[in-house]
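*Asks:* Below are the structure tokens for one structure; questions will follow.
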Amino acid sequence: MILLLSLIFFVLGLIIGSFLNVVILRLNTARSLGGRSACMSCYNKLSWYELIPLFSFLGLRGRCRNCKTKISIQYPLVEFTTGLIFASLFLRFSALGGSAFGGQDLSFLFNPTFFITYIYYAVLFSILIVIATYDLRHKIIPDKLSLVFGVLAFIGLFFFNVNNFPIFYWHLPSILDFFSGIFIALPFALFWLISSGRWMGLGDAKLALGVGWLLGLAGALSGLVIAFWTGAIIGLFLIILKKGYGMKSEIPFAPYLVLGAFLAFIFSLNLFGFVF
């Protein structure tokens, strides 16, 4: 039953991921988020069967049905990633659902606390997907998204325990939790200041602020370790395999930071063994 429910949440993620693609492509443009989708090359309006998340891309073999132009791989990747994250969040919360949400077996699904918790984190990680993909495309992190993410993460300090199982309940955060975002963002801000933006963008510091509040100090530091190591390994491969790539090439860091934050959250990582 858990596997079936995980599949349902995965499909929900695919649908949300399709909408996130629209947000990514139309953010900071004159286009609204409404209106029918169309091919980016021939502007042909897409039919319903061309808008089925993931499966339409596979069925069309990655090309527009009208003009045969290649469809960006971003579409299925964002949809699949969102589906994977939504299913992972469900598995994360269902693992301790009986004890944490006051029910036995699957009865926690009918607990409003579960839905509030799930929706909150699904929204936050959806924002992070948009930020990561936008940074990959344009090498910049939109301030408005970092602001929304940071505000929501800060509000979550009062309703979710970032250092334990994240269940919804009102409480006052500890001093360390309150300053966790600042502690995580400060090194990024210093890198930006010292290098005049050559080593690190200020947008990374703004994003790290919200990540610190989302994960707490132990989780955020664990996520940063994953982010820096992943970024270093992939950057090295790019330098070796991709022409024109060098040590001075600009590499967007938000995707690695988001990956690290997701893994630290899902697996409750505490690589340094901190006890708070």
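By convention in this document, the chains of the structure tokens carry letters A, B, ... by their order, each chain's residues are numbered from 1, and ligands are numbered from 1 in the order they are shown.
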Excluding same-chain residues fewer than 6 positions from Ile182 of chain A, what lies within 12 Å of it counting only C-alpha atoms, as a PDB file with C-alpha atoms, in the first residue's frame?

*Replies:*
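Once everything was written out, this is result.pdb:
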```pdb
ATOM      1  CA  GLY A 150      13.613  32.441   3.177  1.00  0.00           C
ATOM      2  CA  PHE A 154      11.871  31.298   8.855  1.00  0.00           C
ATOM      3  CA  ILE A 175      18.516  30.654  19.798  1.00  0.00           C
ATOM      4  CA  LEU A 176      20.710  28.352  17.719  1.00  0.00           C
ATOM      5  CA  PHE A 188      28.865  32.795   1.428  1.00  0.00           C
ATOM      6  CA  ALA A 189      28.471  36.514   2.032  1.00  0.00           C
ATOM      7  CA  LEU A 190      32.145  36.791   3.051  1.00  0.00           C
ATOM      8  CA  ALA A 205      24.226  33.694   0.376  1.00  0.00           C
ATOM      9  CA  LYS A 206      20.544  34.645   0.248  1.00  0.00           C
ATOM     10  CA  LEU A 207      19.599  31.075  -0.648  1.00  0.00           C
ATOM     11  CA  ALA A 208      21.855  29.651   2.088  1.00  0.00           C
ATOM     12  CA  LEU A 209      20.025  31.815   4.633  1.00  0.00           C
ATOM     13  CA  GLY A 210      16.767  29.962   3.970  1.00  0.00           C
ATOM     14  CA  VAL A 211      18.515  26.581   3.816  1.00  0.00           C
ATOM     15  CA  GLY A 212      19.939  27.165   7.302  1.00  0.00           C
ATOM     16  CA  TRP A 213      16.487  27.900   8.683  1.00  0.00           C
ATOM     17  CA  LEU A 214      14.968  24.956   6.817  1.00  0.00           C
ATOM     18  CA  GLY A 216      18.936  23.694  11.196  1.00  0.00           C
ATOM     19  CA  LEU A 217      22.675  24.066  11.722  1.00  0.00           C
ATOM     20  CA  ALA A 220      22.559  22.600   6.729  1.00  0.00           C
TER      21      ALA A 220
END
```

*Asks:* Pick out the residues sitting within 9 Å of Phe80 of chain A, and hand them over as a list in words; count only C-alpha atoms, and ignore anything fewer than 5 positions along from it in its own chain.

*Replies:*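 With the cut-off at 9 Å, the set is Phe10, Gly13, Leu14, Gly17, Pro53, Leu54, Tyr75 and Ile85 of chain A.
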
*Asks:* Those residues you just picked out, can you put them in a file as a PDB file, in the first residue's frame with C-alpha atoms?

*Replies:*
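Output (again13.pdb):
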```pdb
ATOM      1  CA  PHE A  10       5.078  10.672  -7.624  1.00  0.00           C
ATOM      2  CA  GLY A  13       4.884  15.573  -8.424  1.00  0.00           C
ATOM      3  CA  LEU A  14       4.967  15.057 -12.190  1.00  0.00           C
ATOM      4  CA  GLY A  17       6.711  19.676 -12.091  1.00  0.00           C
ATOM      5  CA  PRO A  53       4.085  15.156 -17.895  1.00  0.00           C
ATOM      6  CA  LEU A  54       7.096  13.008 -18.822  1.00  0.00           C
ATOM      7  CA  TYR A  75      11.005  19.502 -19.239  1.00  0.00           C
ATOM      8  CA  ILE A  85      10.957  14.600  -4.415  1.00  0.00           C
TER       9      ILE A  85
END
```

*Asks:* Hey, what does DSSP flag as alpha helix (DSSP H) within segment 27-245 of chain A? Can you give it to me as number ranges by chain?

*Replies:* A: 55-59, 74-95, 97-100, 112-138, 143-156, 175-195, 202-241

*Asks:* Go ahead and compute the interatomic distance for atom CA of Trp192 of chain A and atom CA of Asp204 of chain A, in Å to one decimal.

*Replies:*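 Atom CA of Asp204 of chain A lies at a distance of 9.0 Å from atom CA of Trp192 of chain A.
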
*Asks:* Would you please work out which residue, of A:Leu172, A:Leu27, A:Ile194, A:Ile226, is nearest to Ile155 of chain A when using only C-alpha atoms?

*Replies:*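 Closest candidate: A:Leu172.
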
*Asks:* Let's see if you can do this: from backbone DSSP, list all strand (DSSP E or B) residues in segment 11-97 of chain A, as a VMD selection string.

*Replies:* chain A and resid 38 45 63 70

*Asks:* Have a look at atom CA of Gly181 of chain A and atom CA of Thr133 of chain A and let me know their distance in Å, one decimal.

*Replies:* 22.3 Å

*Asks:* Can you pull out every residue within 7 Å of Phe159 of chain A, counting only C-alpha atoms, but drop anything in the same chain fewer than 3 positions away, and send it as a list in words?

*Replies:*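 The residues satisfying every condition are Gly156, Phe168, Tyr169, Trp170 and His171 of chain A.
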
*Asks:* Neighbours of Arg61 of chain A within 12 Å (only C-alpha atoms; same-chain residues fewer than 2 positions away dropped), as a CSV table (one decimal) with C-alpha atoms, in the first residue's frame?

*Replies:*
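The result, written out as out-v5.csv:
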```
chain,number,residue,atom,x,y,z
A,50,GLU,CA,1.3,16.8,-25.8
A,54,LEU,CA,7.1,13.0,-18.8
A,55,PHE,CA,5.1,10.6,-21.1
A,56,SER,CA,4.5,13.2,-23.8
A,57,PHE,CA,8.2,13.9,-24.1
A,58,LEU,CA,8.9,10.2,-24.4
A,59,GLY,CA,6.0,9.6,-26.9
A,63,ARG,CA,10.7,16.6,-30.6
A,64,CYS,CA,7.9,19.0,-31.4
A,65,ARG,CA,5.1,17.2,-33.3
A,68,LYS,CA,10.3,18.6,-35.3
A,69,THR,CA,12.5,20.9,-33.2
A,70,LYS,CA,14.2,19.2,-30.2
A,71,ILE,CA,12.4,19.8,-26.9
A,72,SER,CA,14.6,20.8,-24.1
A,73,ILE,CA,15.6,18.0,-21.8
A,76,PRO,CA,11.2,15.8,-18.4
```

*Asks:* Please measure the separation of atom CA of Ile141 of chain A and atom CA of Gly203 of chain A, giving the value in Å to one decimal.

*Replies:*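 Value for the atom CA of Ile141 of chain A-atom CA of Gly203 of chain A distance: 5.5 Å.
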
*Asks:* Could you tell me which of A:Leu51, A:Val23, A:Leu271, A:Ile266 comes closest to Tyr134 of chain A if we count only C-alpha atoms?

*Replies:*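 Checking each candidate against Tyr134 of chain A, we get A:Val23 as the closest.
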
*Asks:* Please provide as a JSON list (two decimals) with C-alpha atoms, in the first residue's frame all residues within 12 Å of segment 195-202 of chain A, with the sequence filter that same-chain residues fewer than 6 positions apart are discarded (counting only C-alpha atoms).

*Replies:*
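selection28.json, freshly written:
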```json
[["chain", "number", "residue", "atom", "x", "y", "z"],
["A", 135, "ASP", "CA", 20.28, 29.24, -11.93],
["A", 139, "LYS", "CA", 23.43, 31.66, -13.82],
["A", 140, "ILE", "CA", 21.49, 33.87, -11.46],
["A", 141, "ILE", "CA", 19.19, 33.22, -8.50],
["A", 142, "PRO", "CA", 15.99, 35.32, -8.59],
["A", 143, "ASP", "CA", 15.82, 37.51, -5.48],
["A", 146, "SER", "CA", 14.99, 33.50, -2.42],
["A", 185, "ALA", "CA", 24.79, 32.37, 4.95],
["A", 186, "LEU", "CA", 27.68, 34.31, 6.51],
["A", 187, "PRO", "CA", 30.55, 32.38, 4.82],
["A", 188, "PHE", "CA", 28.86, 32.79, 1.43],
["A", 189, "ALA", "CA", 28.47, 36.51, 2.03],
["A", 208, "ALA", "CA", 21.86, 29.65, 2.09],
["A", 209, "LEU", "CA", 20.03, 31.82, 4.63],
["A", 247, "MET", "CA", 39.05, 26.89, -13.63],
["A", 248, "LYS", "CA", 37.66, 30.39, -14.18],
["A", 249, "SER", "CA", 34.39, 29.24, -15.74],
["A", 250, "GLU", "CA", 31.24, 30.36, -13.97],
["A", 251, "ILE", "CA", 29.49, 27.39, -12.35],
["A", 252, "PRO", "CA", 26.00, 27.86, -10.84],
["A", 253, "PHE", "CA", 26.08, 26.65, -7.25],
["A", 254, "ALA", "CA", 22.35, 26.65, -6.43]]
```
